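Source file final_19.cif; content: mmCIF, C-alpha atoms.
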```cif
data_data
#
loop_
_atom_site.label_atom_id
_atom_site.label_comp_id
_atom_site.auth_asym_id
_atom_site.auth_seq_id
_atom_site.Cartn_x
_atom_site.Cartn_y
_atom_site.Cartn_z
CA MET W 1 5.39 -13.60 14.43
CA ALA W 2 2.97 -13.56 17.34
CA ILE W 3 -0.28 -11.87 16.45
CA VAL W 4 -1.33 -9.75 19.38
CA ALA W 5 -3.85 -7.04 18.65
CA THR W 6 -4.00 -4.21 21.17
CA GLN W 7 -7.36 -3.18 19.74
CA SER W 8 -9.32 -4.85 17.01
CA PRO W 9 -9.74 -2.67 13.93
CA ALA W 10 -13.09 -4.37 13.48
CA ALA W 11 -14.72 -1.64 11.42
CA TYR W 12 -11.88 -1.69 8.86
CA LEU W 13 -11.95 -5.47 8.63
CA ALA W 14 -15.73 -5.44 8.08
CA ARG W 15 -15.43 -2.89 5.27
CA LEU W 16 -12.51 -4.81 3.79
CA GLU W 17 -14.60 -7.99 3.80
CA ALA W 18 -17.44 -6.20 2.01
CA LEU W 19 -14.97 -4.88 -0.60
CA LEU W 20 -13.44 -8.31 -1.22
CA THR W 21 -16.87 -9.90 -1.55
CA ASP W 22 -17.90 -7.29 -4.15
CA VAL W 23 -14.67 -7.70 -6.10
CA GLU W 24 -14.99 -11.50 -6.03
CA GLN W 25 -18.48 -11.21 -7.49
CA TRP W 26 -17.44 -8.69 -10.20
CA SER W 27 -14.37 -10.76 -11.11
CA ARG W 28 -16.22 -14.07 -11.39
CA ALA W 29 -18.72 -12.46 -13.76
CA LYS W 30 -15.75 -11.72 -16.08
CA GLY W 31 -14.16 -15.14 -15.75
CA VAL W 32 -11.36 -13.90 -13.49
CA ILE W 33 -10.28 -16.37 -10.81
CA THR W 34 -9.99 -14.98 -7.29
CA ARG W 35 -7.87 -16.32 -4.49
CA ARG W 36 -7.86 -14.94 -0.97
CA TYR W 37 -4.70 -14.83 1.10
CA ALA W 38 -3.95 -13.89 4.69
CA SER W 39 -1.60 -11.03 5.51
CA VAL W 40 -0.48 -9.62 8.83
CA LEU W 41 -0.62 -5.89 9.39
CA ASP W 42 1.32 -4.25 12.20
CA GLU W 43 0.12 -0.72 12.94
CA GLU W 44 1.07 1.54 15.83
CA ALA W 45 -2.59 2.30 16.39
CA TYR W 46 -3.85 -1.29 16.48
CA GLY W 47 -0.92 -3.65 16.89
CA CYS W 48 -0.67 -6.86 14.84
CA TYR W 49 -3.75 -8.31 13.22
CA GLU W 50 -4.68 -10.46 10.26
CA ALA W 51 -6.36 -9.01 7.18
CA SER W 52 -7.32 -10.76 3.96
CA GLY W 53 -6.04 -9.80 0.54
CA LEU W 54 -7.24 -11.00 -2.84
CA GLN W 55 -5.36 -12.17 -5.90
CA LEU W 56 -7.02 -11.85 -9.31
CA LEU W 57 -5.84 -14.39 -11.87
CA LEU W 58 -6.56 -15.27 -15.47
CA GLY W 59 -7.60 -18.81 -16.40
CA ASP W 60 -4.01 -19.68 -17.38
CA GLY W 61 -2.78 -18.72 -13.91
CA ARG W 62 -1.30 -15.33 -14.84
CA LEU W 63 -1.62 -12.82 -12.04
CA LEU W 64 -3.56 -9.74 -13.13
CA ALA W 65 -3.63 -7.78 -9.90
CA THR W 66 -3.78 -8.08 -6.13
CA LEU W 67 -5.95 -6.24 -3.63
CA VAL W 68 -3.51 -5.54 -0.82
CA PRO W 69 -4.83 -4.43 2.58
CA VAL W 70 -2.71 -1.47 3.75
CA GLY W 71 -4.38 -0.72 7.07
CA ALA W 72 -6.95 1.08 9.17
CA SER W 73 -4.56 3.82 10.28
CA ILE W 74 -4.48 6.14 7.28
CA ILE W 75 -4.04 9.91 7.21
CA ALA W 76 -7.37 11.56 6.28
CA ALA W 77 -9.15 8.24 5.72
CA LYS W 78 -10.61 5.32 7.71
CA GLY W 79 -8.74 2.65 5.81
CA ARG W 80 -6.86 1.82 2.63
CA VAL W 81 -6.54 -1.04 0.19
CA ASP W 82 -4.23 -0.93 -2.84
CA LEU W 83 -5.05 -2.57 -6.16
CA GLU W 84 -1.56 -3.54 -7.36
CA GLY W 85 -1.31 -4.64 -10.97
CA THR W 86 1.48 -5.47 -13.39
CA VAL W 87 2.20 -1.84 -14.32
CA ASP W 88 0.62 0.38 -11.68
CA ARG W 89 -1.18 0.68 -8.38
CA ALA W 90 -4.55 2.26 -7.59
CA ILE W 91 -5.18 3.47 -4.04
CA LEU W 92 -8.65 2.87 -2.59
CA VAL W 93 -9.55 4.80 0.55
CA ASP W 94 -12.48 4.39 2.89
CA TRP W 95 -14.30 7.68 3.47
CA ASP W 96 -17.40 8.83 5.31
CA PRO W 97 -19.98 10.93 3.41
CA GLY W 98 -18.31 14.18 2.36
CA GLY W 99 -14.81 12.72 2.62
CA PRO W 100 -11.95 14.70 4.13
CA VAL W 101 -12.63 18.41 4.69
CA PHE W 102 -10.84 21.65 5.50
CA GLU W 103 -12.45 23.99 8.03
CA THR W 104 -11.69 27.68 7.80
CA ALA W 105 -12.91 30.65 9.84
CA ILE W 106 -13.71 34.17 8.70
CA ARG W 107 -14.19 36.98 11.19
CA ILE W 108 -17.15 39.21 10.30
CA GLY W 109 -17.37 42.00 12.86
CA ASP W 110 -17.31 40.36 16.28
CA THR W 111 -18.44 36.97 15.09
CA MET W 112 -16.48 34.10 13.61
CA GLN W 113 -18.09 32.22 10.75
CA THR W 114 -16.79 28.76 10.02
CA HIS W 115 -16.78 27.29 6.56
CA THR W 116 -16.30 23.63 5.73
CA GLN W 117 -14.86 22.75 2.36
CA ALA W 118 -14.69 19.20 1.04
CA ILE W 119 -11.25 18.35 -0.35
CA TYR W 120 -12.78 16.09 -3.02
CA LYS W 121 -15.95 16.42 -5.04
CA GLY W 122 -18.22 13.44 -5.51
CA VAL W 123 -17.99 11.85 -2.05
CA LYS W 124 -21.71 11.55 -1.27
CA ASP W 125 -21.94 8.23 0.59
CA SER W 126 -19.60 6.27 2.78
CA GLY W 127 -17.56 3.66 0.95
CA TRP W 128 -14.34 2.91 -0.92
CA TYR W 129 -13.15 5.74 -3.15
CA TRP W 130 -10.50 6.27 -5.80
CA VAL W 131 -9.16 9.73 -6.51
CA GLU W 132 -9.24 10.31 -10.24
CA SER W 133 -7.62 13.72 -10.25
CA ARG W 134 -5.89 15.65 -7.47
CA GLU W 135 -5.81 18.72 -9.72
CA LEU W 136 -9.59 18.65 -10.25
CA SER W 137 -10.31 17.35 -6.71
CA ARG W 138 -12.45 14.56 -8.12
CA ALA W 139 -13.05 11.18 -6.48
CA HIS W 140 -15.30 8.27 -7.43
CA ARG W 141 -16.97 5.61 -5.31
CA LEU W 142 -15.94 2.10 -6.26
CA ASN W 143 -18.51 0.10 -8.20
CA GLU W 144 -18.27 -2.66 -10.78
CA SER W 145 -17.69 -0.30 -13.69
CA LEU W 146 -14.94 1.62 -11.87
CA PHE W 147 -13.35 -1.63 -10.71
CA LEU W 148 -12.99 -2.78 -14.33
CA ASP W 149 -11.55 0.64 -15.28
CA LEU W 150 -9.00 0.38 -12.46
CA LEU W 151 -8.10 -3.19 -13.35
CA PHE W 152 -7.32 -1.94 -16.88
CA LEU W 153 -5.34 0.99 -15.46
CA VAL W 154 -3.09 -1.16 -13.25
CA SER W 155 -2.71 -4.23 -15.48
CA ASP W 156 -3.34 -3.06 -19.08
CA TYR W 157 -5.87 -5.92 -19.23
CA ASP W 158 -9.22 -4.77 -20.53
CA LEU W 159 -12.32 -6.63 -19.31
CA ARG W 160 -14.66 -3.71 -19.86
CA PRO W 161 -17.73 -4.29 -22.01
CA MET M 1 13.51 32.55 -4.98
CA THR M 2 11.11 29.65 -5.51
CA SER M 3 8.30 29.71 -2.95
CA ALA M 4 7.49 26.73 -0.75
CA LEU M 5 4.17 26.36 -2.57
CA GLU M 6 5.98 26.16 -5.92
CA GLN M 7 8.45 23.66 -4.48
CA LEU M 8 5.62 21.45 -3.20
CA ASP M 9 4.03 21.52 -6.67
CA ALA M 10 7.40 20.75 -8.29
CA ILE M 11 7.89 17.68 -6.09
CA TRP M 12 4.36 16.53 -6.89
CA ARG M 13 4.93 16.94 -10.65
CA THR M 14 8.32 15.24 -10.49
CA TRP M 15 6.83 12.28 -8.69
CA ARG M 16 4.03 11.99 -11.26
CA LEU M 17 6.58 12.01 -14.08
CA GLN M 18 8.77 9.43 -12.32
CA HIS M 19 5.77 7.23 -11.70
CA ASP M 20 4.63 7.33 -15.32
CA ALA M 21 8.20 6.87 -16.62
CA LEU M 22 8.51 3.68 -14.57
CA ARG M 23 5.16 2.58 -15.93
CA VAL M 24 6.46 2.98 -19.49
CA VAL M 25 9.56 0.94 -18.60
CA LEU M 26 7.40 -1.82 -17.12
CA ARG M 27 5.31 -1.94 -20.29
CA THR M 28 8.45 -2.00 -22.44
CA ILE M 29 9.95 -4.88 -20.48
CA GLN M 30 6.67 -6.75 -20.67
CA GLY M 31 6.66 -6.17 -24.43
CA ARG M 32 3.43 -4.20 -24.28
CA SER M 33 4.78 -0.78 -25.15
CA VAL M 34 2.41 1.28 -27.26
CA THR M 35 5.20 1.93 -29.75
CA THR M 36 6.38 -1.70 -29.47
CA ARG M 37 9.85 -2.45 -28.22
CA ALA M 38 12.14 -0.75 -30.72
CA PRO M 39 15.71 -2.12 -31.04
CA GLY M 40 18.01 -0.33 -28.65
CA THR M 41 15.22 0.96 -26.38
CA LEU M 42 16.81 -0.58 -23.33
CA ALA M 43 20.43 -0.33 -24.51
CA LYS M 44 22.97 0.86 -21.95
CA THR M 45 20.44 0.77 -19.14
CA LEU M 46 20.09 -1.43 -16.07
CA TYR M 47 17.25 -3.22 -17.88
CA GLU M 48 19.29 -4.37 -20.88
CA GLU M 49 20.32 -7.76 -19.56
CA ALA M 50 18.05 -7.98 -16.58
CA VAL M 51 15.87 -10.99 -16.00
CA SER M 52 12.40 -9.74 -16.77
CA ALA M 53 10.59 -11.00 -13.65
CA GLN M 54 13.26 -9.69 -11.28
CA CYS M 55 13.41 -6.41 -13.14
CA GLU M 56 9.64 -6.00 -12.89
CA ARG M 57 9.77 -6.62 -9.14
CA ASP M 58 12.59 -4.06 -8.79
CA ILE M 59 10.66 -1.42 -10.73
CA ARG M 60 7.48 -1.97 -8.73
CA ALA M 61 9.54 -1.60 -5.54
CA CYS M 62 11.08 1.53 -7.06
CA GLN M 63 7.57 2.96 -7.70
CA LYS M 64 6.79 2.57 -3.99
CA THR M 65 10.11 4.06 -2.93
CA ALA M 66 9.64 7.04 -5.26
CA ALA M 67 6.22 7.68 -3.66
CA GLU M 68 7.72 7.52 -0.15
CA PHE M 69 10.59 9.84 -1.10
CA ALA M 70 8.15 12.31 -2.65
CA VAL M 71 6.38 12.61 0.73
CA LEU M 72 9.77 12.93 2.43
CA GLY M 73 10.73 15.78 0.08
CA MET M 74 7.41 17.56 0.57
CA TRP M 75 7.84 17.34 4.33
CA ALA M 76 11.35 18.84 4.12
CA VAL M 77 9.97 21.84 2.18
CA PHE M 78 7.10 22.29 4.64
CA GLU M 79 9.36 21.99 7.71
CA ARG M 80 11.69 24.69 6.34
CA LEU M 81 8.74 27.01 5.70
CA LEU M 82 7.38 26.38 9.20
CA LEU M 83 10.68 27.21 10.91
CA GLN M 84 11.24 30.24 8.68
CA ARG M 85 7.79 31.55 9.56
CA LEU M 86 8.35 31.10 13.30
CA GLY M 87 11.75 32.78 12.96
CA SER M 88 10.23 35.74 11.12
CA GLU M 89 7.62 36.16 13.91
CA CYS M 90 10.51 36.49 16.38
CA HIS M 91 12.25 39.01 14.14
CA LYS M 92 9.05 41.08 14.01
CA MET M 93 9.19 41.29 17.81
CA LEU M 94 12.85 42.33 17.60
CA GLU M 95 11.91 45.34 15.44
CA GLU M 96 10.23 46.98 18.44
CA PRO M 97 11.58 45.38 21.61
CA ALA M 98 10.23 46.65 24.93
CA ASN M 99 13.77 47.00 26.31
CA THR M 100 17.29 45.63 25.86
CA PHE M 101 16.57 42.64 28.10
CA ASN M 102 13.49 41.82 26.01
CA ALA M 103 15.57 42.18 22.84
CA ALA M 104 18.23 39.79 24.16
CA VAL M 105 15.66 37.16 25.12
CA THR M 106 13.84 37.45 21.79
CA ALA M 107 17.11 37.18 19.84
CA LYS M 108 17.94 34.00 21.77
CA VAL M 109 14.49 32.54 21.02
CA ALA M 110 14.88 33.46 17.32
CA GLY M 111 18.22 31.68 17.19
CA ASP M 112 16.84 28.55 18.85
CA VAL M 113 13.81 28.14 16.57
CA GLU M 114 15.81 25.84 14.28
CA TYR M 115 16.27 23.39 17.15
CA TRP M 116 12.68 23.21 18.38
CA LYS M 117 10.85 19.91 18.24
CA ILE M 118 8.57 19.91 15.21
CA ASP M 119 5.51 18.86 17.24
CA GLN M 120 5.99 21.92 19.45
CA ALA M 121 6.50 24.16 16.41
CA LEU M 122 3.28 22.80 14.88
CA ASP M 123 1.39 23.51 18.11
CA LEU M 124 2.50 27.14 17.86
CA ILE M 125 0.76 27.64 14.50
CA LYS M 126 -2.59 26.42 15.82
CA PRO M 127 -3.91 30.02 16.04
CA LEU M 128 -3.49 30.27 12.26
CA PHE M 129 -5.87 27.35 11.69
CA LEU M 130 -9.32 26.69 13.06
CA ASP M 131 -9.11 23.09 11.95
CA ALA M 132 -7.02 21.33 14.60
CA ARG M 133 -7.30 18.15 12.51
CA LEU M 134 -4.95 19.68 9.95
CA ILE M 135 -2.25 20.19 12.59
CA GLY M 136 -2.81 16.60 13.76
CA GLN M 137 -2.51 15.35 10.17
CA ALA M 138 0.74 17.31 9.73
CA LYS M 139 2.11 15.54 12.84
CA GLN M 140 1.09 12.21 11.30
CA ILE M 141 2.91 13.07 8.05
CA LYS M 142 5.99 13.82 10.18
CA GLN M 143 5.64 10.37 11.80
CA TYR M 144 5.38 8.84 8.33
CA ARG M 145 8.44 10.82 7.21
CA ASP M 146 10.44 9.49 10.19
CA TRP M 147 9.29 5.95 9.41
CA VAL M 148 10.47 6.26 5.79
CA ALA M 149 13.78 7.87 6.76
CA HIS M 150 14.71 5.57 9.65
CA ARG M 151 12.81 2.45 8.68
CA ASN M 152 13.02 -0.11 11.45
CA PRO M 153 11.38 -3.41 10.49
CA ARG M 154 10.79 -4.18 14.16
CA LYS M 155 8.60 -1.11 14.59
CA SER M 156 4.89 -0.96 13.80
CA THR M 157 3.81 1.28 10.94
CA PRO M 158 2.53 4.80 11.70
CA PRO M 159 -0.51 6.21 9.86
CA GLN M 160 0.15 5.79 6.13
CA THR M 161 -0.19 8.35 3.37
CA ASP M 162 0.60 8.84 -0.31
CA PRO M 163 2.08 11.74 -2.30
CA GLY M 164 -1.35 12.96 -3.39
CA MET M 165 -2.84 13.33 0.08
CA ALA M 166 0.43 14.66 1.56
CA HIS M 167 0.55 17.29 -1.20
CA VAL M 168 -3.04 18.42 -0.56
CA LEU M 169 -2.59 18.67 3.24
CA LEU M 170 0.88 20.24 3.31
CA LYS M 171 -0.08 22.75 0.62
CA GLU M 172 -3.09 23.87 2.63
CA LEU M 173 -0.86 24.41 5.68
CA ALA M 174 1.80 26.13 3.56
CA LYS M 175 -0.79 28.55 2.13
CA ALA M 176 -1.73 29.66 5.66
CA LEU M 177 1.94 30.00 6.69
CA ASP M 178 2.59 32.03 3.53
CA THR M 179 -0.21 34.48 4.41
CA PRO M 180 1.00 37.37 6.60
CA THR M 181 -0.91 37.82 9.86
CA PRO M 182 -2.28 41.32 10.52
#
```
In structure tokens, what does this structure look like?
Amino acid sequence: MAIVATQSPAAYLARLEALLTDVEQWSRAKGVITRRYASVLDEEAYGCYEASGLQLLLGDGRLLATLVPVGASIIAAKGRVDLEGTVDRAILVDWDPGGPVFETAIRIGDTMQTHTQAIYKGVKDSGWYWVESRELSRAHRLNESLFLDLLFLVSDYDLRP
Amino acid sequence: MTSALEQLDAIWRTWRLQHDALRVVLRTIQGRSVTTRAPGTLAKTLYEEAVSAQCERDIRACQKTAAEFAVLGMWAVFERLLLQRLGSECHKMLEEPANTFNAAVTAKVAGDVEYWKIDQALDLIKPLFLDARLIGQAKQIKQYRDWVAHRNPRKSTPPQTDPGMAHVLLKELAKALDTPTP
């Protein structure tokens, strides 16, 4: 397949690279072997482009999980990467501070007052987030501790201290 | 009659249950079930004589398909609500038509609502929402729905979503459509 990008999703690729670097570091500290692979994404918004994924393996070669780049064109997010394990998948989305919001307007007399409501609580900084609970509107920014929780969630393999 | 909001919640709950049920099956096949693999657990199912690795791949593919179909179902519920709401606006006008000509034109418009392009129908509800992004996101979910329904491997992927985000966005739109305008 010819790889012809109509526009480089450079920002997504930069954030993806930062994510993979973090995960490589966290994995190595737990004795998990990491292996990058190249995948080709083909999005209406950007055309075809290459993005790296990351396989996480145990010492005996068993695959624990894979970080799969999904794309930069995501509804209500700036990008998405899925952590696909042996029993489940965790969706990581790239959000700006505040995350996705709803704006509503209330008319008071002759003036309109707008009100912005964050869809998810806990989105303070920009970064990769995982939604813990849709019902409670709670999301968490990815860090080493959450990564190990998610790895357990998707693979049933517990590396947490 | 079940409301559109209840139907959206029902699809969301059904998908969650499907997802977790498939997770239990995966664990059972992998021999990691919490209750251990009791004799007969997989009897008379597709998994009974399946090769484990292939079966695991099939179930993981099924998890993805179930997520896509959940969004497809949510969109169908939302689209019906949208067209019903536009139709009811026309019928309100028919209650007090200016004259017989006006009544005839309005009746024709009311009858044609079902055949309007969804993007045009979504543009019509903009006055109900200050946040134009929400209308834009609904159009993107429609693109995603079309991609799932008519998947063409030669076509690039539209903006992606998941059942959770689709549920949040479509429910917010449905709430506004469910609220009568003064």
For Gly79 (chain W): contacts at 9 Å, only C-alpha atoms, fewer than 5 positions along chain excluded, given as an MDAnalysis selection string: chainID W and resid 12 15:16 69:74 92:95 128
Result set, the PyMOL selection byres ((chain M) within 9 of (chain W)) on current file, as a ChimeraX atom specification: /M:19-20,22-27,32,56,60,63,129-134,137,140-141,155-162,164-166,168,172
Selection dump of the PyMOL selection byres ((chain M and resi 73) around 12), as number ranges by chain: M: 4, 7-12, 14-15, 66-72, 74-80, 141-142, 145-146, 148-149, 163, 166-167, 170
Go ahead and write the residues just picked, C-alpha atoms, as a PDB file, in the coordinates of the input.
```pdb
ATOM      1  CA  ALA M   4       7.490  26.730  -0.750  1.00  0.00           C
ATOM      2  CA  GLN M   7       8.450  23.660  -4.480  1.00  0.00           C
ATOM      3  CA  LEU M   8       5.620  21.450  -3.200  1.00  0.00           C
ATOM      4  CA  ASP M   9       4.030  21.520  -6.670  1.00  0.00           C
ATOM      5  CA  ALA M  10       7.400  20.750  -8.290  1.00  0.00           C
ATOM      6  CA  ILE M  11       7.890  17.680  -6.090  1.00  0.00           C
ATOM      7  CA  TRP M  12       4.360  16.530  -6.890  1.00  0.00           C
ATOM      8  CA  THR M  14       8.320  15.240 -10.490  1.00  0.00           C
ATOM      9  CA  TRP M  15       6.830  12.280  -8.690  1.00  0.00           C
ATOM     10  CA  ALA M  66       9.640   7.040  -5.260  1.00  0.00           C
ATOM     11  CA  ALA M  67       6.220   7.680  -3.660  1.00  0.00           C
ATOM     12  CA  GLU M  68       7.720   7.520  -0.150  1.00  0.00           C
ATOM     13  CA  PHE M  69      10.590   9.840  -1.100  1.00  0.00           C
ATOM     14  CA  ALA M  70       8.150  12.310  -2.650  1.00  0.00           C
ATOM     15  CA  VAL M  71       6.380  12.610   0.730  1.00  0.00           C
ATOM     16  CA  LEU M  72       9.770  12.930   2.430  1.00  0.00           C
ATOM     17  CA  MET M  74       7.410  17.560   0.570  1.00  0.00           C
ATOM     18  CA  TRP M  75       7.840  17.340   4.330  1.00  0.00           C
ATOM     19  CA  ALA M  76      11.350  18.840   4.120  1.00  0.00           C
ATOM     20  CA  VAL M  77       9.970  21.840   2.180  1.00  0.00           C
ATOM     21  CA  PHE M  78       7.100  22.290   4.640  1.00  0.00           C
ATOM     22  CA  GLU M  79       9.360  21.990   7.710  1.00  0.00           C
ATOM     23  CA  ARG M  80      11.690  24.690   6.340  1.00  0.00           C
ATOM     24  CA  ILE M 141       2.910  13.070   8.050  1.00  0.00           C
ATOM     25  CA  LYS M 142       5.990  13.820  10.180  1.00  0.00           C
ATOM     26  CA  ARG M 145       8.440  10.820   7.210  1.00  0.00           C
ATOM     27  CA  ASP M 146      10.440   9.490  10.190  1.00  0.00           C
ATOM     28  CA  VAL M 148      10.470   6.260   5.790  1.00  0.00           C
ATOM     29  CA  ALA M 149      13.780   7.870   6.760  1.00  0.00           C
ATOM     30  CA  PRO M 163       2.080  11.740  -2.300  1.00  0.00           C
ATOM     31  CA  ALA M 166       0.430  14.660   1.560  1.00  0.00           C
ATOM     32  CA  HIS M 167       0.550  17.290  -1.200  1.00  0.00           C
ATOM     33  CA  LEU M 170       0.880  20.240   3.310  1.00  0.00           C
TER      34      LEU M 170
END
```
Nearest-residue call for Ala90 (chain W), choices M:Lys64, M:Gln143, M:Gly136, M:Ile125, using only C-alpha atoms: M:Lys64
Pick from W:Ala29, W:Ala38, W:Met112, W:Ala118, whichever lies nearest to Leu148 (chain W) using all atoms listed in the file: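 Among W:Ala29, W:Ala38, W:Met112, W:Ala118, it is W:Ala29 that comes nearest to Leu148 (chain W).
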Given the PyMOL selection byres ((chain W and resi 127) around 10), the residues it picks as a PyMOL selection string: chain W and resi 15+18-19+78+92-97+99+123-126+128-129+140-143
Write to file, as a compact mmCIF listing (two decimals), keeping the file's coordinate frame, the residues of the selection just made, with C-alpha atoms.
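The result, stored in again-v7.txt:
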```
# COMPACT_ATOMS: atom_id res chain seq x y z
CA ARG W 15 -15.43 -2.89 5.27
CA ALA W 18 -17.44 -6.20 2.01
CA LEU W 19 -14.97 -4.88 -0.60
CA LYS W 78 -10.61 5.32 7.71
CA LEU W 92 -8.65 2.87 -2.59
CA VAL W 93 -9.55 4.80 0.55
CA ASP W 94 -12.48 4.39 2.89
CA TRP W 95 -14.30 7.68 3.47
CA ASP W 96 -17.40 8.83 5.31
CA PRO W 97 -19.98 10.93 3.41
CA GLY W 99 -14.81 12.72 2.62
CA VAL W 123 -17.99 11.85 -2.05
CA LYS W 124 -21.71 11.55 -1.27
CA ASP W 125 -21.94 8.23 0.59
CA SER W 126 -19.60 6.27 2.78
CA TRP W 128 -14.34 2.91 -0.92
CA TYR W 129 -13.15 5.74 -3.15
CA HIS W 140 -15.30 8.27 -7.43
CA ARG W 141 -16.97 5.61 -5.31
CA LEU W 142 -15.94 2.10 -6.26
CA ASN W 143 -18.51 0.10 -8.20
```
Length of the CA of Glu50 (chain W) to CA of Leu151 (chain W) vector [Å]: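 Distance between the two atoms: 24.9 Å.
Of note, CA of Ala110 (chain M) and CA of His91 (chain M) are spaced 6.9 Å apart.
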d(CA of Tyr144 (chain M), CA of Asp82 (chain W)) in Å: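 Interatomic distance, CA of Tyr144 (chain M) to CA of Asp82 (chain W): 17.7 Å.
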Of the listed residues W:Ala11, W:Ala65, W:Leu56, W:Leu83, that which approaches Gly31 (chain W) most closely, counting only C-alpha atoms: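 Closest to Gly31 (chain W) of all the choices is W:Leu56.
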Asp60 (chain W) surroundings by only C-alpha atoms, 12 Å radius, close-in-sequence under 2 positions cut, as an MDAnalysis selection string: chainID W and resid 31:33 56:58 62:64
Nearest to Gly98 (chain W) by atom-to-atom distance, counting only C-alpha atoms, from W:Leu146, W:Leu20, W:Ala10, W:Ala139: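 Answer, going by the shortest atom-to-atom distance: W:Ala139.
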Neighbour list for Ala174 (chain M) as a ChimeraX atom specification, cut-off 9 Å, only C-alpha atoms, skip fewer than 3 positions in-chain: /M:4-5,78,81-82,169-171,177-179
Can you spit out region 142-160 of chain W with N, CA and C atoms, as a tab-separated table (two decimals), in the first residue's frame, from the structure just given?
```
chain	number	residue	atom	x	y	z
W	142	LEU	N	-3.16	8.87	32.59
W	142	LEU	CA	-2.29	7.69	32.63
W	142	LEU	C	-0.96	8.02	33.31
W	143	ASN	N	-0.61	7.19	34.28
W	143	ASN	CA	0.71	7.24	34.90
W	143	ASN	C	1.14	5.80	35.13
W	144	GLU	N	2.28	5.60	35.75
W	144	GLU	CA	2.80	4.25	35.90
W	144	GLU	C	1.82	3.34	36.68
W	145	SER	N	1.29	3.89	37.76
W	145	SER	CA	0.39	3.10	38.60
W	145	SER	C	-0.87	2.69	37.82
W	146	LEU	N	-1.45	3.64	37.09
W	146	LEU	CA	-2.65	3.33	36.31
W	146	LEU	C	-2.31	2.35	35.18
W	147	PHE	N	-1.14	2.51	34.59
W	147	PHE	CA	-0.75	1.59	33.51
W	147	PHE	C	-0.73	0.15	34.02
W	148	LEU	N	-0.17	-0.05	35.21
W	148	LEU	CA	-0.12	-1.41	35.78
W	148	LEU	C	-1.52	-1.93	36.11
W	149	ASP	N	-2.40	-1.03	36.58
W	149	ASP	CA	-3.80	-1.41	36.82
W	149	ASP	C	-4.45	-1.87	35.51
W	150	LEU	N	-4.23	-1.08	34.45
W	150	LEU	CA	-4.87	-1.39	33.17
W	150	LEU	C	-4.32	-2.68	32.56
W	151	LEU	N	-3.02	-2.89	32.74
W	151	LEU	CA	-2.41	-4.11	32.23
W	151	LEU	C	-3.06	-5.33	32.92
W	152	PHE	N	-3.32	-5.21	34.21
W	152	PHE	CA	-4.01	-6.27	34.96
W	152	PHE	C	-5.43	-6.44	34.44
W	153	LEU	N	-6.10	-5.31	34.19
W	153	LEU	CA	-7.48	-5.34	33.71
W	153	LEU	C	-7.61	-6.07	32.38
W	154	VAL	N	-6.68	-5.80	31.46
W	154	VAL	CA	-6.83	-6.36	30.10
W	154	VAL	C	-6.17	-7.72	29.93
W	155	SER	N	-5.27	-8.10	30.86
W	155	SER	CA	-4.55	-9.37	30.65
W	155	SER	C	-4.66	-10.34	31.83
W	156	ASP	N	-5.27	-9.88	32.94
W	156	ASP	CA	-5.32	-10.69	34.17
W	156	ASP	C	-3.91	-10.96	34.71
W	157	TYR	N	-2.92	-10.21	34.28
W	157	TYR	CA	-1.55	-10.43	34.74
W	157	TYR	C	-1.17	-9.28	35.67
W	158	ASP	N	-0.91	-9.63	36.92
W	158	ASP	CA	-0.74	-8.59	37.94
W	158	ASP	C	0.74	-8.29	38.21
W	159	LEU	N	1.17	-7.11	37.81
W	159	LEU	CA	2.55	-6.68	38.07
W	159	LEU	C	2.60	-5.57	39.12
W	160	ARG	N	1.43	-5.33	39.73
W	160	ARG	CA	1.36	-4.22	40.69
W	160	ARG	C	2.11	-4.58	41.97
```
